Structure formats: C-alpha cells, structure tokens
>>> print(open('query-v9.pdb').read())   # PDB, C-alpha atoms, pLDDT in the B column
MODEL        1
ATOM      1  CA  MET A  52      -0.977  44.480   6.276  1.00 63.00           C
ATOM      2  CA  LEU A  53       0.863  45.576   3.143  1.00 69.00           C
ATOM      3  CA  GLU A  54       3.455  47.315   5.288  1.00 66.00           C
ATOM      4  CA  LEU A  55       4.050  44.112   7.237  1.00 65.00           C
ATOM      5  CA  ILE A  56       4.515  42.177   4.002  1.00 67.00           C
ATOM      6  CA  LYS A  57       7.005  44.740   2.754  1.00 70.00           C
ATOM      7  CA  ALA A  58       8.849  44.702   6.059  1.00 67.00           C
ATOM      8  CA  GLY A  59       9.100  40.916   5.952  1.00 67.00           C
ATOM      9  CA  GLY A  60      11.087  40.939   2.738  1.00 74.00           C
ATOM     10  CA  TRP A  61      10.890  38.698  -0.309  1.00 81.00           C
ATOM     11  CA  THR A  62      10.420  35.496   1.722  1.00 83.00           C
ATOM     12  CA  MET A  63       6.913  36.705   2.541  1.00 86.00           C
ATOM     13  CA  LEU A  64       5.848  36.068  -1.062  1.00 90.00           C
ATOM     14  CA  PRO A  65       6.335  32.270  -1.020  1.00 92.00           C
ATOM     15  CA  ILE A  66       4.847  32.119   2.481  1.00 93.00           C
ATOM     16  CA  ILE A  67       1.715  33.906   1.254  1.00 92.00           C
ATOM     17  CA  LEU A  68       1.566  31.612  -1.781  1.00 95.00           C
ATOM     18  CA  LEU A  69       1.757  28.557   0.488  1.00 96.00           C
ATOM     19  CA  ALA A  70      -1.018  30.004   2.629  1.00 95.00           C
ATOM     20  CA  VAL A  71      -3.291  30.401  -0.401  1.00 96.00           C
ATOM     21  CA  VAL A  72      -2.571  26.857  -1.614  1.00 97.00           C
ATOM     22  CA  ALA A  73      -3.143  25.419   1.869  1.00 97.00           C
ATOM     23  CA  LEU A  74      -6.469  27.234   2.170  1.00 97.00           C
ATOM     24  CA  ALA A  75      -7.599  25.959  -1.239  1.00 97.00           C
ATOM     25  CA  ILE A  76      -6.701  22.365  -0.318  1.00 97.00           C
ATOM     26  CA  ILE A  77      -8.482  22.585   3.035  1.00 96.00           C
ATOM     27  CA  VAL A  78     -11.686  23.910   1.467  1.00 97.00           C
ATOM     28  CA  GLU A  79     -11.580  21.326  -1.348  1.00 96.00           C
ATOM     29  CA  ARG A  80     -10.963  18.410   1.020  1.00 95.00           C
ATOM     30  CA  PHE A  81     -13.752  19.518   3.361  1.00 94.00           C
ATOM     31  CA  TRP A  82     -16.108  19.473   0.381  1.00 95.00           C
ATOM     32  CA  SER A  83     -14.887  16.193  -1.097  1.00 93.00           C
ATOM     33  CA  LEU A  84     -14.642  14.286   2.186  1.00 94.00           C
ATOM     34  CA  ARG A  85     -18.172  14.922   3.348  1.00 93.00           C
ATOM     35  CA  ARG A  86     -19.527  11.706   4.830  1.00 93.00           C
ATOM     36  CA  LYS A  87     -22.595  11.581   2.598  1.00 92.00           C
ATOM     37  CA  GLU A  88     -20.342  11.846  -0.461  1.00 92.00           C
ATOM     38  CA  VAL A  89     -17.969   9.076   0.611  1.00 93.00           C
ATOM     39  CA  LEU A  90     -20.390   6.801   2.489  1.00 92.00           C
ATOM     40  CA  PRO A  91     -23.925   7.478   1.251  1.00 91.00           C
ATOM     41  CA  PRO A  92     -26.392   6.493   4.004  1.00 90.00           C
ATOM     42  CA  GLY A  93     -27.962   3.083   3.482  1.00 88.00           C
ATOM     43  CA  MET A  94     -25.919   2.215   0.407  1.00 88.00           C
ATOM     44  CA  GLY A  95     -24.575  -1.055   1.810  1.00 86.00           C
ATOM     45  CA  GLU A  96     -28.027  -2.368   2.665  1.00 86.00           C
ATOM     46  CA  GLU A  97     -29.396  -1.139  -0.664  1.00 83.00           C
ATOM     47  CA  VAL A  98     -26.759  -3.093  -2.574  1.00 83.00           C
ATOM     48  CA  ARG A  99     -27.589  -6.221  -0.610  1.00 78.00           C
ATOM     49  CA  GLU A 100     -31.262  -5.665  -1.450  1.00 74.00           C
ATOM     50  CA  TRP A 101     -30.300  -5.439  -5.119  1.00 73.00           C
ATOM     51  CA  ALA A 102     -28.671  -8.805  -4.724  1.00 65.00           C
ATOM     52  CA  ARG A 103     -31.694 -10.325  -3.059  1.00 63.00           C
ATOM     53  CA  GLY A 104     -33.925  -8.983  -5.834  1.00 61.00           C
ATOM     54  CA  ARG A 105     -31.509 -10.160  -8.557  1.00 61.00           C
ATOM     55  CA  GLN A 106     -31.186  -6.563  -9.768  1.00 60.00           C
ATOM     56  CA  LEU A 107     -27.523  -6.932 -10.645  1.00 71.00           C
ATOM     57  CA  ASP A 108     -27.464  -6.136 -14.325  1.00 74.00           C
ATOM     58  CA  PRO A 109     -24.398  -4.215 -15.636  1.00 80.00           C
ATOM     59  CA  LYS A 110     -26.327  -0.942 -15.611  1.00 81.00           C
ATOM     60  CA  HIS A 111     -26.953  -1.155 -11.859  1.00 78.00           C
ATOM     61  CA  VAL A 112     -23.318  -2.014 -11.165  1.00 84.00           C
ATOM     62  CA  GLU A 113     -22.029   0.838 -13.319  1.00 87.00           C
ATOM     63  CA  ILE A 114     -24.314   3.354 -11.600  1.00 85.00           C
ATOM     64  CA  LEU A 115     -23.074   2.066  -8.261  1.00 87.00           C
ATOM     65  CA  ARG A 116     -19.443   2.408  -9.348  1.00 89.00           C
ATOM     66  CA  ARG A 117     -19.866   6.071 -10.267  1.00 89.00           C
ATOM     67  CA  ASN A 118     -21.888   6.960  -7.194  1.00 88.00           C
ATOM     68  CA  SER A 119     -19.204   7.262  -4.507  1.00 92.00           C
ATOM     69  CA  PRO A 120     -15.960   5.724  -3.197  1.00 92.00           C
ATOM     70  CA  LEU A 121     -17.999   3.165  -1.259  1.00 92.00           C
ATOM     71  CA  GLY A 122     -20.006   2.398  -4.393  1.00 91.00           C
ATOM     72  CA  GLU A 123     -16.800   1.881  -6.351  1.00 91.00           C
ATOM     73  CA  LEU A 124     -15.597  -0.616  -3.757  1.00 91.00           C
ATOM     74  CA  LEU A 125     -18.879  -2.545  -3.667  1.00 90.00           C
ATOM     75  CA  ALA A 126     -19.089  -2.576  -7.455  1.00 90.00           C
ATOM     76  CA  ALA A 127     -15.647  -4.190  -7.559  1.00 89.00           C
ATOM     77  CA  ALA A 128     -16.968  -7.007  -5.370  1.00 87.00           C
ATOM     78  CA  LEU A 129     -20.051  -7.438  -7.535  1.00 85.00           C
ATOM     79  CA  ASP A 130     -17.926  -7.619 -10.683  1.00 84.00           C
ATOM     80  CA  MET A 131     -16.272 -10.723  -9.236  1.00 83.00           C
ATOM     81  CA  ARG A 132     -19.339 -12.211  -7.540  1.00 79.00           C
ATOM     82  CA  PHE A 133     -19.132 -15.453  -9.514  1.00 79.00           C
ATOM     83  CA  ARG A 134     -15.529 -16.071  -8.454  1.00 83.00           C
ATOM     84  CA  PRO A 135     -14.143 -17.648  -5.267  1.00 83.00           C
ATOM     85  CA  ARG A 136     -14.070 -15.497  -2.136  1.00 83.00           C
ATOM     86  CA  GLU A 137     -10.297 -15.050  -2.199  1.00 86.00           C
ATOM     87  CA  MET A 138     -10.390 -13.646  -5.725  1.00 88.00           C
ATOM     88  CA  ILE A 139     -13.198 -11.267  -4.772  1.00 86.00           C
ATOM     89  CA  LYS A 140     -11.239 -10.135  -1.726  1.00 88.00           C
ATOM     90  CA  GLU A 141      -8.109  -9.508  -3.772  1.00 89.00           C
ATOM     91  CA  ARG A 142     -10.079  -7.411  -6.267  1.00 90.00           C
ATOM     92  CA  VAL A 143     -11.649  -5.381  -3.458  1.00 90.00           C
ATOM     93  CA  GLU A 144      -8.220  -4.766  -1.932  1.00 90.00           C
ATOM     94  CA  ASP A 145      -6.800  -3.641  -5.275  1.00 92.00           C
ATOM     95  CA  VAL A 146      -9.653  -1.222  -5.870  1.00 92.00           C
ATOM     96  CA  GLY A 147      -9.484  -0.132  -2.234  1.00 91.00           C
ATOM     97  CA  ARG A 148      -5.924   1.070  -2.683  1.00 92.00           C
ATOM     98  CA  HIS A 149      -7.017   3.320  -5.535  1.00 92.00           C
ATOM     99  CA  VAL A 150      -9.955   4.600  -3.502  1.00 93.00           C
ATOM    100  CA  VAL A 151      -7.715   5.443  -0.540  1.00 92.00           C
ATOM    101  CA  HIS A 152      -5.304   7.240  -2.867  1.00 92.00           C
ATOM    102  CA  ASP A 153      -8.142   9.357  -4.247  1.00 92.00           C
ATOM    103  CA  LEU A 154      -9.435  10.162  -0.757  1.00 93.00           C
ATOM    104  CA  GLY A 155      -5.982  11.369   0.259  1.00 93.00           C
ATOM    105  CA  ARG A 156      -5.537  13.591  -2.772  1.00 91.00           C
ATOM    106  CA  PHE A 157      -3.549  16.779  -2.056  1.00 94.00           C
ATOM    107  CA  LEU A 158      -2.872  15.773   1.565  1.00 95.00           C
ATOM    108  CA  ASN A 159       0.810  15.182   0.855  1.00 95.00           C
ATOM    109  CA  THR A 160       0.973  18.725  -0.484  1.00 95.00           C
ATOM    110  CA  LEU A 161      -0.733  20.022   2.649  1.00 96.00           C
ATOM    111  CA  GLY A 162       1.742  18.152   4.816  1.00 95.00           C
ATOM    112  CA  SER A 163       4.638  19.540   2.800  1.00 96.00           C
ATOM    113  CA  ILE A 164       3.325  23.063   3.312  1.00 96.00           C
ATOM    114  CA  ALA A 165       3.221  22.427   7.063  1.00 95.00           C
ATOM    115  CA  GLY A 166       6.905  21.508   6.930  1.00 95.00           C
ATOM    116  CA  VAL A 167       8.148  24.098   4.441  1.00 95.00           C
ATOM    117  CA  ALA A 168       6.402  27.217   5.792  1.00 94.00           C
ATOM    118  CA  PRO A 169       8.396  27.355   9.078  1.00 93.00           C
ATOM    119  CA  LEU A 170      11.617  26.836   7.124  1.00 93.00           C
ATOM    120  CA  LEU A 171      10.785  29.808   4.926  1.00 92.00           C
ATOM    121  CA  GLY A 172      10.061  31.784   8.077  1.00 89.00           C
ATOM    122  CA  LEU A 173      13.427  30.726   9.465  1.00 89.00           C
ATOM    123  CA  LEU A 174      15.082  31.761   6.208  1.00 89.00           C
ATOM    124  CA  GLY A 175      13.483  35.168   6.518  1.00 85.00           C
ATOM    125  CA  THR A 176      14.731  35.368  10.089  1.00 84.00           C
ATOM    126  CA  VAL A 177      18.295  34.600   9.022  1.00 84.00           C
ATOM    127  CA  LEU A 178      18.143  37.125   6.190  1.00 81.00           C
ATOM    128  CA  GLY A 179      16.758  39.743   8.548  1.00 78.00           C
ATOM    129  CA  MET A 180      19.566  39.161  11.017  1.00 80.00           C
ATOM    130  CA  ILE A 181      22.152  39.290   8.227  1.00 79.00           C
ATOM    131  CA  LYS A 182      20.646  42.576   7.066  1.00 75.00           C
ATOM    132  CA  MET A 183      20.812  43.925  10.579  1.00 75.00           C
ATOM    133  CA  PHE A 184      24.468  43.018  11.089  1.00 76.00           C
ATOM    134  CA  LEU A 185      25.449  44.440   7.714  1.00 74.00           C
ATOM    135  CA  LYS A 186      23.832  47.728   8.682  1.00 70.00           C
ATOM    136  CA  ILE A 187      25.762  47.654  11.942  1.00 71.00           C
ATOM    137  CA  LEU A 188      28.989  47.288   9.981  1.00 72.00           C
ATOM    138  CA  THR A 189      28.235  50.361   7.878  1.00 71.00           C
ATOM    139  CA  THR A 190      26.417  52.647  10.345  1.00 66.00           C
ATOM    140  CA  GLY A 191      27.430  51.306  13.727  1.00 65.00           C
ATOM    141  CA  VAL A 192      25.123  50.422  16.590  1.00 61.00           C
ATOM    142  CA  GLY A 193      23.903  53.954  17.119  1.00 59.00           C
ATOM    143  CA  ASP A 194      21.139  53.824  14.460  1.00 60.00           C
ATOM    144  CA  ALA A 195      18.199  52.209  16.228  1.00 61.00           C
ATOM    145  CA  ASN A 196      15.977  52.381  13.134  1.00 64.00           C
ATOM    146  CA  GLN A 197      18.278  50.118  11.153  1.00 59.00           C
ATOM    147  CA  LEU A 198      18.423  47.606  13.978  1.00 65.00           C
ATOM    148  CA  ALA A 199      14.648  47.664  14.370  1.00 64.00           C
ATOM    149  CA  GLY A 200      14.167  47.072  10.638  1.00 62.00           C
ATOM    150  CA  GLY A 201      16.315  43.959  10.625  1.00 63.00           C
ATOM    151  CA  ILE A 202      14.763  42.539  13.789  1.00 72.00           C
ATOM    152  CA  GLY A 203      11.275  43.375  12.515  1.00 69.00           C
ATOM    153  CA  GLN A 204      11.881  41.487   9.269  1.00 67.00           C
ATOM    154  CA  ALA A 205      13.117  38.482  11.227  1.00 72.00           C
ATOM    155  CA  LEU A 206      10.114  38.423  13.554  1.00 82.00           C
ATOM    156  CA  ILE A 207       7.531  38.981  10.826  1.00 84.00           C
ATOM    157  CA  CYS A 208       8.843  36.122   8.682  1.00 85.00           C
ATOM    158  CA  THR A 209       9.055  33.729  11.619  1.00 87.00           C
ATOM    159  CA  ALA A 210       5.540  34.505  12.776  1.00 89.00           C
ATOM    160  CA  SER A 211       4.124  34.241   9.244  1.00 90.00           C
ATOM    161  CA  GLY A 212       5.707  30.852   8.614  1.00 92.00           C
ATOM    162  CA  ILE A 213       4.369  29.471  11.899  1.00 93.00           C
ATOM    163  CA  MET A 214       0.893  30.904  11.262  1.00 94.00           C
ATOM    164  CA  VAL A 215       0.744  29.020   7.958  1.00 95.00           C
ATOM    165  CA  ALA A 216       2.268  25.805   9.296  1.00 95.00           C
ATOM    166  CA  ILE A 217       0.048  25.314  12.355  1.00 96.00           C
ATOM    167  CA  PRO A 218      -3.358  25.138  10.588  1.00 96.00           C
ATOM    168  CA  ALA A 219      -1.847  23.178   7.683  1.00 96.00           C
ATOM    169  CA  LEU A 220      -0.519  20.539  10.088  1.00 96.00           C
ATOM    170  CA  MET A 221      -3.756  20.417  12.087  1.00 97.00           C
ATOM    171  CA  PHE A 222      -5.962  19.927   9.033  1.00 97.00           C
ATOM    172  CA  HIS A 223      -3.536  17.434   7.506  1.00 96.00           C
ATOM    173  CA  ARG A 224      -3.875  15.201  10.568  1.00 96.00           C
ATOM    174  CA  TYR A 225      -7.604  15.817  10.795  1.00 96.00           C
ATOM    175  CA  PHE A 226      -8.201  14.689   7.224  1.00 96.00           C
ATOM    176  CA  ARG A 227      -5.957  11.662   7.706  1.00 96.00           C
ATOM    177  CA  GLY A 228      -8.022  10.646  10.704  1.00 95.00           C
ATOM    178  CA  ARG A 229     -11.285  11.125   8.829  1.00 95.00           C
ATOM    179  CA  ILE A 230     -10.044   9.016   5.916  1.00 95.00           C
ATOM    180  CA  ALA A 231      -8.984   6.263   8.335  1.00 95.00           C
ATOM    181  CA  GLU A 232     -12.530   6.184   9.744  1.00 95.00           C
ATOM    182  CA  TYR A 233     -13.996   5.992   6.252  1.00 94.00           C
ATOM    183  CA  ILE A 234     -11.676   3.119   5.341  1.00 94.00           C
ATOM    184  CA  ILE A 235     -12.804   1.098   8.357  1.00 94.00           C
ATOM    185  CA  GLU A 236     -16.466   1.656   7.493  1.00 93.00           C
ATOM    186  CA  MET A 237     -15.920   0.731   3.840  1.00 92.00           C
ATOM    187  CA  GLU A 238     -14.150  -2.446   4.903  1.00 91.00           C
ATOM    188  CA  LYS A 239     -17.142  -3.375   7.056  1.00 92.00           C
ATOM    189  CA  GLN A 240     -19.547  -2.830   4.161  1.00 91.00           C
ATOM    190  CA  ALA A 241     -17.350  -4.819   1.772  1.00 89.00           C
ATOM    191  CA  MET A 242     -17.080  -7.721   4.246  1.00 89.00           C
ATOM    192  CA  ALA A 243     -20.847  -7.722   4.717  1.00 87.00           C
ATOM    193  CA  LEU A 244     -21.296  -8.020   0.971  1.00 85.00           C
ATOM    194  CA  LEU A 245     -18.743 -10.850   0.797  1.00 84.00           C
ATOM    195  CA  ASP A 246     -20.601 -12.664   3.558  1.00 82.00           C
ATOM    196  CA  ALA A 247     -23.825 -12.251   1.599  1.00 79.00           C
ATOM    197  CA  ILE A 248     -22.140 -13.787  -1.428  1.00 72.00           C
ATOM    198  CA  ASP A 249     -20.881 -16.729   0.659  1.00 72.00           C
ATOM    199  CA  GLU A 250     -24.339 -17.288   2.117  1.00 68.00           C
ATOM    200  CA  GLY A 251     -25.756 -17.691  -1.350  1.00 57.00           C
ATOM    201  CA  VAL A 252     -27.661 -14.422  -1.453  1.00 47.00           C
ATOM    202  CA  ILE A 253     -25.925 -13.830  -4.773  1.00 48.00           C
ATOM    203  CA  PRO A 254     -25.829 -17.013  -6.829  1.00 47.00           C
ATOM    204  CA  ALA A 255     -22.350 -18.248  -7.629  1.00 42.00           C
ATOM    205  CA  VAL A 256     -21.226 -20.369 -10.545  1.00 41.00           C
ATOM    206  CA  LYS A 257     -20.246 -23.820  -9.426  1.00 41.00           C
ATOM    207  CA  GLN A 258     -16.806 -25.023 -10.346  1.00 43.00           C
ATOM    208  CA  PRO A 259     -16.918 -27.755 -13.037  1.00 40.00           C
ATOM    209  CA  PRO A 260     -15.992 -31.202 -11.718  1.00 38.00           C
ATOM    210  CA  ARG A 261     -12.458 -32.327 -12.413  1.00 45.00           C
ATOM    211  CA  ILE A 262     -12.105 -35.311 -14.723  1.00 40.00           C
ATOM    212  CA  LYS A 263      -9.863 -37.971 -13.287  1.00 45.00           C
ATOM    213  CA  ARG A 264      -7.318 -39.653 -15.440  1.00 43.00           C
ATOM    214  CA  GLY A 265      -8.637 -42.745 -17.089  1.00 45.00           C
ATOM    215  CA  GLU A 266     -12.210 -41.461 -17.209  1.00 44.00           C
ATOM    216  CA  GLY A 267     -13.985 -40.666 -20.422  1.00 41.00           C
TER     217      GLY A 267
ENDMDL
END
>>> encode(input="query-v9.pdb", output="structure tokens")
Amino acid sequence: MLELIKAGGWTMLPIILLAVVALAIIVERFWSLRRKEVLPPGMGEEVREWARGRQLDPKHVEILRRNSPLGELLAAALDMRFRPREMIKERVEDVGRHVVHDLGRFLNTLGSIAGVAPLLGLLGTVLGMIKMFLKILTTGVGDANQLAGGIGQALICTASGIMVAIPALMFHRYFRGRIAEYIIEMEKQAMALLDAIDEGVIPAVKQPPRIKRGEG
C-alpha cells in the first residue's frame, strides 16, 4: 500500500486526506441521523397527551426542546400556542429551517469531496503523463521502466480519486434522502399538533373585542 501511495505522487496525499474526512463525516452522520434520535417513537402522541393533561409548564416545554429535532419543532409550536394559527405556523417554519440545517450538517462538505476527489485524480493523471513525456525527451522511448512509472502514477491517482468519490457521492445522496423523509414526518407531527390547538385541546387566549368608535 505504501508503495502505491509513493508511486501515485504528491496528489495522493490530499486524496487520502479527503478519504479520511469523508469517512469521519459518514460515521458521524450515521450516528446523528438515527431515527430514534431524530424522531423519538411516540413523541408526537406524548406531547398531545401533555396538552390534554394541561402539563404544559415551561419546564416540560424546555425538556421537549432539548430532546430531539422533532421535540425542538413541537416546542416551537407550544411556545406560540396562545397565538393565531398563522403565527404558530410561521414560527414552526422558522424553527424548521434551523432544524433542517442542523440535520444536513457536513453534507455539503461530503458532496464537495465527491466532486473534488476525481479532479485530484485527474490532476495526478496529467502530472503522471507529463512526467512520462519528459522522461521520453531525456531517455527516449527505449526505457520501458520510465514509461511504466509515469503510466502507473497516472492510473493510481485516477483510481484513488474515483474510489473516494463514489462512496462519498452515494452516502451524500443517501443522507439527503433520509433527511427528506424525516422532514415529511416532522411536518405531519407539527400539523397534528396545530390541529389539536385549533380543536381546543390546548386552550387559546381569546382576542379582546374591538371597541367601535363612539363607544365608551
């Protein structure tokens, strides 16, 4: 393995670095995007039960907010439960954008690695070919070892860049798809909570009557 790295030239170093970073991101995202961590089972129904039991003191809401991304979204709705539906919905959407950003953490980096790694491999290929032609100029075409060294460097760099890019691209799209599924489920839970608020499960403050001109 070390001999292959040496044969690939200096472009192998950034390719290896990208491989290590990509592996770290993949492992971290697999851990952070576990379903039970993002969408704890039964949380939506539990929150609605809190509402029915009037257990909506600030302590409960704060615990919910720190529990998970879904809990953060539901807590945002509960913070605004005494406001009109449109205001609650706007608050949920605002918080939802932050939640989605957190769920997609490091994925842009993973996607960049998928695009940059083949380019580094191509750079190594070009440098290997340049090296080969320079050797031809100085030694002629009779030295097969020099030709093999240049071609070997080109092939090793190309293969290494592709080997890093393929899994990085696959996992980037996989995580994007998983996040999209989580977003849909969180939207369903948030809408269910909004419907519960509209149905009067959570008491709302009535708007004060407007005083007409000339009254009072």
>>> resolve_selection(input="query-v9.pdb", expression="the PyMOL selection byres ((chain A and resi 214) around 12)", output="list of chain:residue names")
A:Ile66, A:Ile67, A:Leu69, A:Ala70, A:Ala73, A:Ile164, A:Ala165, A:Gly166, A:Ala168, A:Pro169, A:Leu171, A:Gly172, A:Ile207, A:Cys208, A:Thr209, A:Ala210, A:Ser211, A:Gly212, A:Ile213, A:Val215, A:Ala216, A:Ile217, A:Pro218, A:Ala219, A:Leu220, A:Met221
>>> atom_distance(input="query-v9.pdb", atom1="CA of Arg80 (chain A)", atom2="CA of Ser119 (chain A)")
14.9 Å
>>> closest_atom_pairs(input="query-v9.pdb", of="region 124-220 of chain A", to="region 109-115 of chain A", cutoff="10 Å", atoms="all atoms listed in the file", output="Markdown table")
| residue | atom | partner | partner_atom | distance |
| --- | --- | --- | --- | --- |
| A:Leu124 | CA | A:Leu115 | CA | 9.1 |
| A:Leu125 | CA | A:Leu115 | CA | 7.7 |
| A:Ala126 | CA | A:Val112 | CA | 5.7 |
| A:Ala127 | CA | A:Val112 | CA | 8.8 |
| A:Ala128 | CA | A:Val112 | CA | 9.9 |
| A:Leu129 | CA | A:Val112 | CA | 7.3 |
| A:Asp130 | CA | A:Val112 | CA | 7.8 |
>>> atom_distance(input="query-v9.pdb", atom1="CA of Arg148 (chain A)", atom2="CA of Val72 (chain A)")
26.0 Å
>>> closest_residue(input="query-v9.pdb", among="A:Phe133, A:Trp101, A:Phe184, A:Tyr233", to="Leu121 (chain A)", atoms="only C-alpha atoms")
A:Tyr233
>>> closest_residue(input="query-v9.pdb", among="A:Gly93, A:Trp61, A:Pro120, A:Gln240", to="Asp153 (chain A)", atoms="all atoms listed in the file")
A:Pro120
>>> atom_distance(input="query-v9.pdb", atom1="CA of Gly175 (chain A)", atom2="CA of Thr62 (chain A)")
5.7 Å
>>> residues_near_point(input="query-v9.pdb", point="(-6.0, 10.5, -1.8)", cutoff="12 Å", atoms="all atoms listed in the file", output="VMD selection string")
chain A and resid 76 80 83 to 84 120 147 to 161 223 226 to 227 229 to 231 234
>>> closest_residue(input="query-v9.pdb", among="A:Val167, A:Val146, A:Leu178, A:Leu173", to="Arg116 (chain A)", atoms="all atoms listed in the file")
A:Val146
>>> closest_residue(input="query-v9.pdb", among="A:Glu137, A:Glu144, A:Glu123, A:Asp108", to="Pro91 (chain A)", atoms="all atoms listed in the file")
A:Glu123
>>> resolve_selection(input="query-v9.pdb", expression="the PyMOL selection byres ((chain A and resi 132) around 10)", output="JSON, numbers by chain")
{"A": [126, 127, 128, 129, 130, 131, 133, 134, 135, 136, 138, 139, 244, 245, 248, 249, 253, 254, 255, 256]}
>>> build_atoms(input="query-v9.pdb", residues="region 119-143 of chain A", atoms="N, CA and C atoms", output="mmCIF file, in the coordinates of the input")
data_model
loop_
_atom_site.group_PDB
_atom_site.id
_atom_site.type_symbol
_atom_site.label_atom_id
_atom_site.label_comp_id
_atom_site.auth_asym_id
_atom_site.auth_seq_id
_atom_site.Cartn_x
_atom_site.Cartn_y
_atom_site.Cartn_z
ATOM 1 N N SER A 119 -20.010 6.825 -5.638
ATOM 2 C CA SER A 119 -19.204 7.262 -4.507
ATOM 3 C C SER A 119 -18.017 6.315 -4.339
ATOM 4 N N PRO A 120 -17.055 6.665 -3.480
ATOM 5 C CA PRO A 120 -15.960 5.724 -3.197
ATOM 6 C C PRO A 120 -16.455 4.392 -2.654
ATOM 7 N N LEU A 121 -17.441 4.419 -1.758
ATOM 8 C CA LEU A 121 -17.999 3.165 -1.259
ATOM 9 C C LEU A 121 -18.653 2.384 -2.390
ATOM 10 N N GLY A 122 -19.381 3.065 -3.261
ATOM 11 C CA GLY A 122 -20.006 2.398 -4.393
ATOM 12 C C GLY A 122 -18.983 1.769 -5.316
ATOM 13 N N GLU A 123 -17.857 2.444 -5.511
ATOM 14 C CA GLU A 123 -16.800 1.881 -6.351
ATOM 15 C C GLU A 123 -16.255 0.595 -5.746
ATOM 16 N N LEU A 124 -16.118 0.573 -4.426
ATOM 17 C CA LEU A 124 -15.597 -0.616 -3.757
ATOM 18 C C LEU A 124 -16.588 -1.776 -3.840
ATOM 19 N N LEU A 125 -17.866 -1.495 -3.603
ATOM 20 C CA LEU A 125 -18.879 -2.545 -3.667
ATOM 21 C C LEU A 125 -19.068 -3.056 -5.094
ATOM 22 N N ALA A 126 -18.972 -2.154 -6.060
ATOM 23 C CA ALA A 126 -19.089 -2.576 -7.455
ATOM 24 C C ALA A 126 -17.963 -3.518 -7.839
ATOM 25 N N ALA A 127 -16.775 -3.288 -7.282
ATOM 26 C CA ALA A 127 -15.647 -4.190 -7.559
ATOM 27 C C ALA A 127 -15.945 -5.592 -7.055
ATOM 28 N N ALA A 128 -16.598 -5.690 -5.895
ATOM 29 C CA ALA A 128 -16.968 -7.007 -5.370
ATOM 30 C C ALA A 128 -18.036 -7.659 -6.243
ATOM 31 N N LEU A 129 -18.987 -6.877 -6.702
ATOM 32 C CA LEU A 129 -20.051 -7.438 -7.535
ATOM 33 C C LEU A 129 -19.530 -7.885 -8.901
ATOM 34 N N ASP A 130 -18.518 -7.192 -9.405
ATOM 35 C CA ASP A 130 -17.926 -7.619 -10.683
ATOM 36 C C ASP A 130 -17.376 -9.039 -10.605
ATOM 37 N N MET A 131 -16.919 -9.412 -9.412
ATOM 38 C CA MET A 131 -16.272 -10.723 -9.236
ATOM 39 C C MET A 131 -17.159 -11.688 -8.455
ATOM 40 N N ARG A 132 -18.461 -11.444 -8.421
ATOM 41 C CA ARG A 132 -19.339 -12.211 -7.540
ATOM 42 C C ARG A 132 -19.440 -13.693 -7.900
ATOM 43 N N PHE A 133 -19.075 -14.048 -9.110
ATOM 44 C CA PHE A 133 -19.132 -15.453 -9.514
ATOM 45 C C PHE A 133 -17.804 -16.182 -9.292
ATOM 46 N N ARG A 134 -16.835 -15.478 -8.700
ATOM 47 C CA ARG A 134 -15.529 -16.071 -8.454
ATOM 48 C C ARG A 134 -15.400 -16.494 -6.990
ATOM 49 N N PRO A 135 -14.366 -17.269 -6.671
ATOM 50 C CA PRO A 135 -14.143 -17.648 -5.267
ATOM 51 C C PRO A 135 -13.910 -16.433 -4.382
ATOM 52 N N ARG A 136 -14.155 -16.608 -3.084
ATOM 53 C CA ARG A 136 -14.070 -15.497 -2.136
ATOM 54 C C ARG A 136 -12.697 -14.826 -2.153
ATOM 55 N N GLU A 137 -11.635 -15.616 -2.232
ATOM 56 C CA GLU A 137 -10.297 -15.050 -2.199
ATOM 57 C C GLU A 137 -10.048 -14.121 -3.390
ATOM 58 N N MET A 138 -10.561 -14.494 -4.547
ATOM 59 C CA MET A 138 -10.390 -13.646 -5.725
ATOM 60 C C MET A 138 -11.186 -12.352 -5.577
ATOM 61 N N ILE A 139 -12.390 -12.473 -5.010
ATOM 62 C CA ILE A 139 -13.198 -11.267 -4.772
ATOM 63 C C ILE A 139 -12.477 -10.347 -3.800
ATOM 64 N N LYS A 140 -11.935 -10.922 -2.740
ATOM 65 C CA LYS A 140 -11.239 -10.135 -1.726
ATOM 66 C C LYS A 140 -10.021 -9.433 -2.308
ATOM 67 N N GLU A 141 -9.276 -10.120 -3.144
ATOM 68 C CA GLU A 141 -8.109 -9.508 -3.772
ATOM 69 C C GLU A 141 -8.514 -8.337 -4.659
ATOM 70 N N ARG A 142 -9.607 -8.503 -5.397
ATOM 71 C CA ARG A 142 -10.079 -7.411 -6.267
ATOM 72 C C ARG A 142 -10.514 -6.214 -5.427
ATOM 73 N N VAL A 143 -11.215 -6.470 -4.336
ATOM 74 C CA VAL A 143 -11.649 -5.381 -3.458
ATOM 75 C C VAL A 143 -10.439 -4.655 -2.870
#
